[in-house]
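Colleague: If you scroll down you'll find the structure; I have some questions about it.
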Amino acid sequence: MLPSRTTLPVLPDEQMLYVLFDVSAGQSAKQVGRMPLNVCLVLDRSTSMQGARLEQTKTAAQRVIDSLTSDDTLGIITFSDKAEVVWPSQPLADPIKVKARVSAIQASGGTEILQGLNAGLAELDKRRQHYSINHLILLTDGQTYGDEEKCMTVAVEAKKHRVGISAMGIGEDWNDQLLDALASRSGGVSQYIPSTGEIQHFLRERLQGLGSVYGDNLRLLIKATPGTRVKSAFKLSPYIQRMELDGESVVLGALQIDAPISGMLELIVGSHTAGEHRLAQFELIGDIPAHQLEGVQLRQDLTFAFEPSADPNTPAPSNVLSALAKVTIFQMQEGAWQALEKGDVANATHRLETMATRLLDMGEHQLARAALLEAGRLARSGNLSPAGRKAIKYGTRSLLLPPTKDK
Amino acid sequence: MIECPSCGHQHRPGTLFCSECGVYLLTGGPLRTEPLPESDLPSSRADPWESGEAIAAAETQAEAVIVIVPPSGRQLTLPAEGEAVLGRLDATRGVFPNIDLTPEGGLEGGVSRRHARIHKQKAQYFIEDLGSANGTFLNGQRLTPYLPHPLHDADELQLGRVRIRVVVK
């Protein structure tokens, strides 16, 4: 845990404090083998998927079948206006047969995500073992109408049953807010797949991630002492995302052996007298399926010395600053969408423009250009392009990722 | 409350970035490194060819470089392997040098954000100017940018106007 300052000044008013934290699996985790997976693919086969999208999705699903072992359980669902079980959830004994079923999937009908989710969760539930990694992977390219709220309830319910949902949106026309929320509520990930050629890559990456899960259902409880409160909490890996506070706890999701979870907390600290004060106690709760452990707890105190002479403008450690600089851009982007939702086009345009300036400062030229382009479009037409909005949203949340190598 | 120097938004003390305009509040935005007048800086130049022979000449194993910045007396030990960038932190632009000279008057002293680099090749440490606005000086001689020069014990470095003592162990 790394705070932005080590000593805090005694002030009459509230002050801000940032805490960067890491959760990693530790050395002993390296010896743990891959856990059996209980996975259900929920594939959109609505009319809009016709052609390359569906073909690529089918190929990607077949690659998934190749990458699983006979210890794993796989179910496959397709949905349009209603859901069909393509392959009932069972241990993967006859991959060729499953692949043949996948090949036969045809596109038709509308998009009702709820239907797919319900059927997928039912399949997962059949084969759910206490200590396995249960995960639903949703692939869709469209908007679902009217059942968004029910989808959210289902995701929260899934979380209670230790099932994570990862949601992948293909193209530009899907509901990013819904897919992001489904993933973050259930501890999964959401993914923007701009071109059909990348479906395979992202699906493979997700399967690999699931295969290296060490800790599952991780939650962080932030027990703040009176006078201290959490302004906001962000998860920084695998991408920047806002963590909604549910009472005192935030969902961290699954911890992979090879990838620590990092996060940033913005705390508002009330006035304290000189001396040592505990501002909060952090409690990390999670399961370690490989060791058949449930509800493992780790506690850590956040204690600070308050000194009258401490300088409130002490520079923060550089990794706190570099993470925070990007979280700030992410928040500016959130602010732009919020302004737009309220119908304040001028404000949203202004926010996108300022954001572009900061991105240019950071050397993120491509993203800056996308933001400027959308700001211009917004000023003239009052609307954003769905592609531009997604490029900005998923670009800013990936700012902390190491730059990807050119293929 | 503190005020954002760029947009005027009010923030609680301790806030690091303005939520409205994204500016780093402790410096009030990206501050330019101003060129210093010529008369403030030494005029002699280091021999650009000095670097080549040094690798062969270095026999004793240099263990570590300690950099001492006199204004504050701050001592910094460089990692035995690897390298360190000296410069001036600019959070808005995402520049985080290993050795930040802001506390020693880096801005007024004409230190660039990425000013110079110390690195090790075989047993020898080198100093390299990274095309800084006001130059890097080794024992009073200006270095040719992007050309590494060997660094010895008791050398004096000057980045812009900020002087640094070097101890090689």
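Within each chain, counting starts at residue 1; across the structure tokens, chains are named A, B, ... in the order shown, with ligands numbered 1 upward in that order.
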Can you work out which residues from chain B touch chain A at a cut-off of 8 Å (counting only C-alpha atoms) and hand them back as a list in words?

Modeller: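 Putting it all together, I get Arg12, Pro13, Gly14, Thr15, Leu16, Phe17, Cys18, Ser19, Glu20, Cys21, Gly22, Val23, Tyr24, Leu26, Ala91, Thr92, Arg93, Gly94 and Phe96 of chain B.
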
Colleague: Val67 of chain B: which residues within 6 Å, counting only C-alpha atoms, same-chain residues fewer than 6 positions away excluded, as a PyMOL selection string?

Modeller: chain B and resi 75-76+165-166

Colleague: Looking only at helix (DSSP H, G or I) from DSSP on the backbone, list the matching residues of segment 103-245 of chain A as an MDAnalysis selection string.

Modeller: chainID A and resid 103 113:126 148:160 176:186 196:211

Colleague: Could you jot down the atom CA of Gln256 of chain A to atom CA of Arg229 of chain A separation for me, Å, one decimal place?

Modeller: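 Atom CA of Arg229 of chain A lies at a distance of 29.4 Å from atom CA of Gln256 of chain A.
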
Colleague: So the first atom is atom CA of Lys150 of chain A and the second is atom CA of Leu138 of chain A; what is the distance between them in Å, to one decimal place?

Modeller: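 Distance reported for this atom pair: 15.7 Å.
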
Colleague: If I take atom CA of Val86 of chain A and atom CA of Val98 of chain A, how far is one from the other in Å, to one decimal?

Modeller: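 Calculated distance between atom CA of Val86 of chain A and atom CA of Val98 of chain A is 8.5 Å.
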
Colleague: Compare A:Thr144, A:Thr153, A:Gln191, A:Gln297 by their minimum atom-to-atom distance to Leu220 of chain A, counting only C-alpha atoms, and give me the closest one.

Modeller: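 Of A:Thr144, A:Thr153, A:Gln191, A:Gln297, the one nearest Leu220 of chain A, counting only C-alpha atoms, is A:Gln297.
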
Colleague: Near Ala155 of chain A, counting only C-alpha atoms, which residues have an atom at most 9 Å away, once you skip same-chain residues fewer than 2 positions from it, shown as a ChimeraX atom specification?

Modeller: /A:117,150-153,157-160,163-165,181-183,185-186

Colleague: Let's have the selection written as a CSV table (one decimal), in the first residue's frame, with C-alpha atoms.

Modeller:
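Result went into part.csv, see below:
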```
chain,number,residue,atom,x,y,z
A,117,LEU,CA,-27.7,-14.9,-19.6
A,150,LYS,CA,-33.1,-7.5,-15.2
A,151,CYS,CA,-29.7,-8.3,-16.7
A,152,MET,CA,-28.1,-6.3,-13.9
A,153,THR,CA,-30.1,-8.2,-11.2
A,157,GLU,CA,-27.3,-12.9,-8.4
A,158,ALA,CA,-24.5,-14.6,-10.4
A,159,LYS,CA,-21.9,-13.0,-8.2
A,160,LYS,CA,-23.6,-14.4,-5.1
A,163,VAL,CA,-20.1,-17.0,-11.1
A,164,GLY,CA,-18.2,-14.2,-12.9
A,165,ILE,CA,-19.4,-12.7,-16.2
A,181,ALA,CA,-21.8,-3.0,-15.5
A,182,LEU,CA,-22.4,-6.7,-16.0
A,183,ALA,CA,-18.7,-7.4,-15.8
A,185,ARG,CA,-20.8,-6.2,-10.8
A,186,SER,CA,-19.9,-9.8,-11.2
```

Colleague: Find the spatial neighbours of segment 108-113 of chain B, counting only C-alpha atoms, within a cut-off of 7 Å - ignore same-chain residues fewer than 5 positions away - and output them as a list in words.

Modeller: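 The residues satisfying every condition are Thr33, Glu34, Pro35, Leu36, Gly87, Arg88, Leu89, Asp90, Val95, Ser132, Ala133, Asn134, Leu159, Gly160, Arg161 and Val162 of chain B.
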
Colleague: Would you save the residues from that selection as a PDB file, in the first residue's frame, using N, CA and C atoms?

Modeller:
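Output contents, as saved in selection01.pdb:
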```
ATOM      1  N   THR B  33      10.819  24.878 -19.485  1.00  0.00           N
ATOM      2  CA  THR B  33      12.192  25.119 -19.071  1.00  0.00           C
ATOM      3  C   THR B  33      12.677  26.325 -19.871  1.00  0.00           C
ATOM      4  N   GLU B  34      12.948  27.439 -19.169  1.00  0.00           N
ATOM      5  CA  GLU B  34      13.356  28.654 -19.879  1.00  0.00           C
ATOM      6  C   GLU B  34      14.854  28.594 -20.199  1.00  0.00           C
ATOM      7  N   PRO B  35      15.231  29.012 -21.390  1.00  0.00           N
ATOM      8  CA  PRO B  35      16.663  29.061 -21.701  1.00  0.00           C
ATOM      9  C   PRO B  35      17.350  30.111 -20.814  1.00  0.00           C
ATOM     10  N   LEU B  36      18.505  29.754 -20.263  1.00  0.00           N
ATOM     11  CA  LEU B  36      19.237  30.688 -19.418  1.00  0.00           C
ATOM     12  C   LEU B  36      20.141  31.545 -20.312  1.00  0.00           C
ATOM     13  N   GLY B  87      16.338  14.954 -13.958  1.00  0.00           N
ATOM     14  CA  GLY B  87      15.498  15.948 -14.609  1.00  0.00           C
ATOM     15  C   GLY B  87      14.530  16.579 -13.643  1.00  0.00           C
ATOM     16  N   ARG B  88      13.390  16.937 -14.169  1.00  0.00           N
ATOM     17  CA  ARG B  88      12.409  17.668 -13.393  1.00  0.00           C
ATOM     18  C   ARG B  88      11.053  16.993 -13.594  1.00  0.00           C
ATOM     19  N   LEU B  89      10.433  16.608 -12.500  1.00  0.00           N
ATOM     20  CA  LEU B  89       9.161  15.902 -12.560  1.00  0.00           C
ATOM     21  C   LEU B  89       8.061  16.781 -13.157  1.00  0.00           C
ATOM     22  N   ASP B  90       7.339  16.232 -14.103  1.00  0.00           N
ATOM     23  CA  ASP B  90       6.170  16.927 -14.642  1.00  0.00           C
ATOM     24  C   ASP B  90       5.050  15.902 -14.754  1.00  0.00           C
ATOM     25  N   VAL B  95       6.147  12.780 -16.964  1.00  0.00           N
ATOM     26  CA  VAL B  95       7.607  12.646 -16.917  1.00  0.00           C
ATOM     27  C   VAL B  95       8.040  12.460 -15.468  1.00  0.00           C
ATOM     28  N   SER B 132      19.128  18.619 -23.550  1.00  0.00           N
ATOM     29  CA  SER B 132      18.480  19.554 -22.630  1.00  0.00           C
ATOM     30  C   SER B 132      18.559  20.988 -23.143  1.00  0.00           C
ATOM     31  N   ALA B 133      17.655  21.826 -22.639  1.00  0.00           N
ATOM     32  CA  ALA B 133      17.595  23.215 -23.109  1.00  0.00           C
ATOM     33  C   ALA B 133      18.855  23.984 -22.716  1.00  0.00           C
ATOM     34  N   ASN B 134      19.364  23.751 -21.503  1.00  0.00           N
ATOM     35  CA  ASN B 134      20.481  24.557 -21.025  1.00  0.00           C
ATOM     36  C   ASN B 134      21.784  23.784 -20.868  1.00  0.00           C
ATOM     37  N   LEU B 159      23.763  20.813 -14.241  1.00  0.00           N
ATOM     38  CA  LEU B 159      22.595  20.705 -15.116  1.00  0.00           C
ATOM     39  C   LEU B 159      21.921  22.062 -15.136  1.00  0.00           C
ATOM     40  N   GLY B 160      21.992  22.748 -16.269  1.00  0.00           N
ATOM     41  CA  GLY B 160      21.548  24.135 -16.266  1.00  0.00           C
ATOM     42  C   GLY B 160      22.400  24.871 -15.262  1.00  0.00           C
ATOM     43  N   ARG B 161      21.758  25.380 -14.200  1.00  0.00           N
ATOM     44  CA  ARG B 161      22.528  26.096 -13.183  1.00  0.00           C
ATOM     45  C   ARG B 161      22.729  25.242 -11.921  1.00  0.00           C
ATOM     46  N   VAL B 162      22.107  24.067 -11.886  1.00  0.00           N
ATOM     47  CA  VAL B 162      22.150  23.249 -10.669  1.00  0.00           C
ATOM     48  C   VAL B 162      23.403  22.365 -10.669  1.00  0.00           C
TER      49      VAL B 162
END
```
